[in-house]
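Enquirer: The structure file run.txt (compact mmCIF, C-alpha atoms) is provided below.
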# COMPACT_ATOMS: atom_id res chain seq x y z
CA MET Y 1 49.32 112.93 98.19
CA LEU Y 2 52.42 114.82 99.10
CA ARG Y 3 53.80 113.97 95.70
CA GLU Y 4 54.11 116.42 92.88
CA LYS Y 5 50.98 118.12 91.59
CA TYR Y 6 50.21 120.42 88.70
CA SER Y 7 49.40 124.05 89.32
CA TYR Y 8 45.75 124.69 88.65
CA ALA Y 9 43.29 127.48 88.00
CA ALA Y 10 39.98 127.71 89.86
CA ASN Y 11 36.90 129.65 88.90
CA GLU Y 12 35.47 132.18 91.31
CA ASP Y 13 32.94 129.86 92.93
CA GLY Y 14 35.58 127.16 93.39
CA ALA Y 15 33.60 124.48 91.56
CA SER Y 16 35.59 124.30 88.30
CA PHE Y 17 39.31 123.75 87.92
CA THR Y 18 41.69 123.50 84.99
CA PHE Y 19 45.29 122.44 84.68
CA GLU Y 20 47.71 121.38 81.97
CA SER Y 21 49.19 117.92 81.80
CA THR Y 22 52.59 117.94 80.14
CA GLY Y 23 54.38 114.87 78.84
CA PRO Y 24 55.31 112.89 75.72
CA LYS Y 25 51.89 113.60 74.17
CA GLY Y 26 52.35 117.32 74.62
CA VAL Y 27 50.21 119.68 76.65
CA ILE Y 28 46.71 118.41 77.46
CA LYS Y 29 44.19 120.66 79.13
CA LYS Y 30 42.32 118.90 81.96
CA VAL Y 31 39.07 120.18 83.41
CA ILE Y 32 37.46 119.24 86.71
CA LYS Y 33 33.87 120.17 87.44
CA PHE Y 34 31.94 119.61 90.67
CA GLU Y 35 28.23 119.45 89.92
CA LYS Y 36 25.51 119.20 92.55
CA VAL Y 37 23.33 116.15 91.88
CA GLY Y 38 21.18 115.98 95.00
CA SER Y 39 21.19 115.70 98.77
CA TRP Y 40 21.54 112.90 101.25
CA VAL Y 41 21.07 113.02 105.04
CA ASN Y 42 21.24 116.82 104.97
CA LEU Y 43 24.45 116.83 102.94
CA SER Y 44 24.71 118.13 99.39
CA VAL Y 45 25.99 115.51 96.97
CA TYR Y 46 28.34 116.59 94.19
CA SER Y 47 29.57 114.66 91.20
CA LEU Y 48 33.25 114.97 90.39
CA GLY Y 49 33.56 115.27 86.61
CA PHE Y 50 36.97 115.11 85.02
CA GLY Y 51 37.84 115.30 81.34
CA ASP Y 52 40.28 116.25 78.60
CA TRP Y 53 39.51 119.42 76.69
CA ASN Y 54 39.98 119.09 72.94
CA ASP Y 55 40.86 122.42 71.33
CA GLU Y 56 40.03 121.21 67.82
CA LEU Y 57 36.59 119.92 68.78
CA HIS Y 58 36.10 122.78 71.21
CA ASP Y 59 34.54 120.14 73.42
CA PHE Y 60 35.47 117.26 75.68
CA ASP Y 61 36.72 114.00 74.30
CA ASP Y 62 34.70 111.15 75.85
CA SER Y 63 37.16 108.52 74.79
CA ALA Y 64 40.32 110.34 75.80
CA THR Y 65 43.07 108.23 77.31
CA SER Y 66 45.88 110.68 77.32
CA ASN Y 67 48.78 108.38 78.30
CA ASN Y 68 50.94 111.37 79.05
CA ASP Y 69 53.13 109.45 81.51
CA ASP Y 70 51.91 111.53 84.42
CA ARG Y 71 49.03 109.50 85.85
CA ASP Y 72 50.01 109.89 89.50
CA LYS Y 73 50.65 113.61 89.14
CA VAL Y 74 47.26 114.07 87.45
CA LEU Y 75 45.43 112.07 90.13
CA ALA Y 76 47.23 113.95 92.92
CA THR Y 77 46.13 117.20 91.30
CA VAL Y 78 42.52 116.05 91.04
CA ALA Y 79 42.62 114.97 94.69
CA SER Y 80 43.90 118.41 95.66
CA THR Y 81 40.93 120.03 93.97
CA VAL Y 82 38.58 117.81 95.99
CA LEU Y 83 40.28 119.08 99.14
CA GLU Y 84 40.03 122.67 97.88
CA PHE Y 85 36.38 122.27 96.93
CA THR Y 86 35.35 120.80 100.26
CA GLU Y 87 37.32 123.37 102.25
CA LYS Y 88 35.50 126.14 100.40
CA HIS Y 89 32.01 124.63 100.45
CA GLY Y 90 31.87 122.85 103.80
CA GLN Y 91 30.80 119.35 104.73
CA LEU Y 92 29.36 117.59 101.71
CA VAL Y 93 29.59 114.43 99.66
CA VAL Y 94 31.77 114.14 96.55
CA THR Y 95 31.18 111.09 94.39
CA ALA Y 96 33.41 109.83 91.59
CA GLU Y 97 32.85 107.16 88.99
CA GLY Y 98 34.77 106.43 85.82
CA PHE Y 99 33.10 106.40 82.43
CA THR Y 100 34.42 102.87 82.00
CA PRO Y 101 35.15 100.04 84.46
CA ALA Y 102 38.85 100.44 83.64
CA ARG Y 103 38.77 104.10 84.62
CA THR Y 104 36.89 103.26 87.82
CA ARG Y 105 39.56 100.68 88.67
CA LEU Y 106 42.19 103.35 88.15
CA TYR Y 107 40.42 105.55 90.70
CA GLN Y 108 40.24 102.60 93.08
CA MET Y 109 43.98 101.95 92.76
CA ALA Y 110 44.73 105.60 93.46
CA ILE Y 111 42.48 105.64 96.54
CA ARG Y 112 44.00 102.41 97.83
CA ALA Y 113 47.54 103.70 97.38
CA ASN Y 114 46.76 106.87 99.32
CA LEU Y 115 44.07 105.66 101.70
CA ALA Y 116 45.84 106.45 104.96
CA GLU Y 117 46.40 110.06 103.94
CA ILE Y 118 42.93 110.50 102.42
CA GLU Y 119 41.32 109.18 105.60
CA LYS Y 120 42.96 111.91 107.65
CA SER Y 121 40.61 114.37 105.96
CA PHE Y 122 37.75 112.29 104.55
CA LEU Y 123 35.45 109.39 105.27
CA VAL Y 124 35.86 107.16 102.22
CA TYR Y 125 33.15 104.82 100.86
CA GLY Y 126 32.69 102.60 97.86
CA MET Y 127 29.43 101.53 96.21
CA TYR Y 128 29.12 97.81 95.60
CA GLN Y 129 25.93 96.32 94.14
CA GLY Y 130 24.08 99.45 95.09
CA VAL Y 131 25.18 99.46 98.73
CA PRO Y 132 27.74 101.85 100.27
CA TYR Y 133 30.58 100.31 102.28
CA PRO Y 134 33.58 101.86 104.00
CA PHE Y 135 36.35 101.64 101.43
CA LYS Y 136 38.61 98.64 101.70
CA PRO Y 137 40.91 96.90 99.25
CA GLY Y 138 39.75 93.73 97.52
CA ILE Y 139 36.30 94.85 96.41
CA ASN Y 140 35.68 96.09 92.88
CA PHE Y 141 33.58 99.09 93.73
CA GLN Y 142 31.19 100.63 91.22
CA SER Y 143 31.85 104.17 92.39
CA PHE Y 144 33.32 106.04 95.34
CA PHE Y 145 32.36 108.90 97.54
CA VAL Y 146 34.02 110.90 100.26
CA ILE Y 147 32.67 113.06 103.06
CA LYS Y 148 34.89 115.75 104.55
CA LYS Y 149 35.53 115.10 108.24
CA MET A 150 43.49 126.77 105.97
CA SER A 151 44.48 128.99 108.88
CA GLN A 152 48.09 127.92 108.51
CA ALA A 153 48.01 128.56 104.80
CA LYS A 154 51.01 130.44 103.58
CA ILE A 155 50.16 132.54 100.56
CA ILE A 156 52.85 133.70 98.20
CA LYS A 157 51.53 135.98 95.47
CA GLU A 158 53.36 135.97 92.17
CA GLU A 159 51.67 137.26 89.02
CA GLY A 160 48.29 135.91 90.07
CA TRP A 161 49.64 132.55 91.17
CA GLN A 162 49.58 131.69 94.82
CA THR A 163 51.13 128.81 96.71
CA LYS A 164 49.56 127.54 99.89
CA ASP A 165 50.23 124.69 102.25
CA THR A 166 47.59 122.00 102.61
CA VAL A 167 47.40 118.76 104.56
CA TRP A 168 48.51 117.06 101.32
CA GLY A 169 51.44 119.36 100.69
CA PRO A 170 51.80 122.67 98.87
CA VAL A 171 49.60 123.55 95.90
CA THR A 172 50.00 126.41 93.45
CA PHE A 173 46.86 127.92 92.00
CA ARG A 174 45.25 131.04 90.66
CA ILE A 175 41.70 132.32 90.40
CA ASP A 176 40.48 132.54 86.80
CA LYS A 177 37.60 135.02 86.67
CA ASN A 178 37.08 134.32 82.97
CA MET A 179 36.89 130.54 83.11
CA PRO A 180 34.19 129.22 80.73
CA ASP A 181 31.11 127.54 82.19
CA TYR A 182 32.18 123.96 81.60
CA GLY A 183 29.04 122.71 83.29
CA LYS A 184 27.05 123.50 80.14
CA TYR A 185 28.83 120.84 78.10
CA PRO A 186 27.01 117.52 77.59
CA TYR A 187 30.14 115.71 78.76
CA PHE A 188 29.72 116.92 82.32
CA ARG A 189 25.94 116.65 82.17
CA LYS A 190 26.32 112.95 81.31
CA LYS A 191 28.81 112.49 84.13
CA ALA A 192 26.47 114.12 86.61
CA GLU A 193 23.51 112.05 85.45
CA LYS A 194 25.52 108.85 85.77
CA ALA A 195 26.60 109.82 89.29
CA LYS A 196 23.02 110.64 90.18
CA LYS A 197 21.79 107.28 88.92
CA THR A 198 24.41 105.39 90.92
CA PHE A 199 23.88 107.40 94.09
CA SER A 200 20.10 107.00 93.80
CA GLN A 201 20.57 103.40 94.92
CA ILE A 202 21.27 104.70 98.43
CA PRO A 203 18.12 105.13 100.54
CA GLY A 204 17.46 108.69 101.53
CA PHE A 205 19.10 110.29 98.51
CA THR A 206 17.05 113.08 96.94
CA PRO A 207 18.24 113.76 93.39
CA LEU A 208 18.06 117.17 91.80
CA PRO A 209 15.76 117.25 88.76
CA SER A 210 17.55 116.69 85.47
CA PRO A 211 17.80 119.81 83.27
CA SER A 212 15.32 118.27 80.82
CA GLU A 213 12.70 117.58 83.50
As a first step, turn the structure in this file into structure tokens.
Expert:
Amino acid sequence: MLREKYSYAANEDGASFTFESTGPKGVIKKVIKFEKVGSWVNLSVYSLGFGDWNDELHDFDDSATSNNDDRDKVLATVASTVLEFTEKHGQLVVTAEGFTPARTRLYQMAIRANLAEIEKSFLVYGMYQGVPYPFKPGINFQSFFVIKK
Amino acid sequence: MSQAKIIKEEGWQTKDTVWGPVTFRIDKNMPDYGKYPYFRKKAEKAKKTFSQIPGFTPLPSPSE
């Protein structure tokens, strides 16, 4: 997580973030949105939404796979916004799930590669067949969630 | 956050975090991205998955 990150903009309530990915495919605007979806054991649960903004469509591109040769930098930036969000809003749950199994596996790889550092600040869980487990390599989790320590 | 070192430069600030320095700015005019169906779908999918955990109380969907 100490690796390079993009600079980002945050809205005033600290629940939306934007940054620009730059690489061979040009400049791609990325948007991160934390949306409250419910509560669990007295903790608010937020969904982490992440997408590519398409200026021509003036909307998000569901199928976007930007391939801008900056995957780790993008994921480190997204992780930083999770830290920022939880520091601003207190102890809560943030859940993340890819739109596709491939995208979810990408999240899993990123968590696994940075697990020791993430666990300094968060409890990390994965959902498998509808049951939450402490995150560990070797299980293809359906989704993930973290709770700020 | 108490050890955060803030350097102001044309609206951009850099602060130290447990995961290294980050540079950011506050955008008071950021659009409400939450209104787009893309994020609504993401939130509904997350809600459906998390609903498998006992004790979870989902927020009503906007259409409910």
Enquirer: For chain A against chain Y, with a cut-off of 7 Å and counting all atoms listed in the file, what is the closest atom pair and its distance in Å to one decimal for every residue that makes the cut, ordered by chain and number, as a tab-separated table?
Expert:
residue	atom	partner	partner_atom	distance
A:Trp168	CA	Y:Leu2	CA	5.0
A:Gly169	CA	Y:Leu2	CA	4.9
A:Val171	CA	Y:Ser7	CA	6.6
A:Thr172	CA	Y:Ser7	CA	4.8
A:Phe173	CA	Y:Tyr8	CA	4.8
A:Arg174	CA	Y:Ala9	CA	4.9
A:Ile175	CA	Y:Ala10	CA	4.9
A:Asp176	CA	Y:Asn11	CA	5.1
A:Lys177	CA	Y:Glu12	CA	5.8
A:Met179	CA	Y:Asn11	CA	5.9
A:Gly183	CA	Y:Lys33	CA	6.9
A:Tyr187	CA	Y:Phe60	CA	6.3
A:Phe188	CA	Y:Gly49	CA	6.0
A:Lys191	CA	Y:Gly49	CA	6.0
A:Ala192	CA	Y:Ser47	CA	5.6
A:Ala195	CA	Y:Ser47	CA	6.0
A:Lys196	CA	Y:Val37	CA	5.8
A:Gln201	CA	Y:Gly130	CA	5.3
A:Ile202	CA	Y:Val131	CA	6.5
A:Gly204	CA	Y:Trp40	CA	5.9
A:Phe205	CA	Y:Trp40	CA	4.5
A:Thr206	CA	Y:Ser39	CA	5.2
A:Pro207	CA	Y:Gly38	CA	4.0
A:Leu208	CA	Y:Gly38	CA	4.6
Enquirer: Using Å and a single decimal, report how far atom CA of Y:Asp72 sits from atom CA of Y:Ala110.
Expert: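 According to the coordinates, atom CA of Y:Ala110 and atom CA of Y:Asp72 are separated by 7.9 Å.
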Enquirer: Interatomic distance between atom CA of Y:Lys25 and atom CA of A:Trp161?
Expert: 25.6 Å
Enquirer: Taking all listed atoms of stretch 79-96 of chain Y, build the axis-aligned box, pad each of the six sides by 5 Å, then write its centre and edge lengths in Å to one decimal as lines of an AutoDock Vina configuration file.
Expert:
center_x = 36.6
center_y = 118.0
center_z = 98.2
size_x = 24.5
size_y = 26.3
size_z = 23.1
Enquirer: Report, in Å to a single decimal, how far apart atom CA of Y:Val146 and atom CA of A:Asn178 are.
Expert: 29.3 Å
Enquirer: Pick from A:Gly160, A:Pro186, A:Glu193, A:Asp181: nearest to A:Pro209, with all atoms listed in the file counted?
Expert: A:Glu193
Enquirer: Any idea what's packed within 7 Å of Y:Asn68, counting all atoms listed in the file, ignoring anything in its chain fewer than 2 positions away? Could you give it as a PyMOL selection string?
Expert: chain Y and resi 22-25+66+70
Enquirer: From the options Y:Arg112, Y:Lys29, Y:Glu20, Y:Tyr107, which residue's atoms come nearest to Y:His58, counting all atoms listed in the file?
Expert: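 Result for the nearest residue to Y:His58: Y:Lys29.
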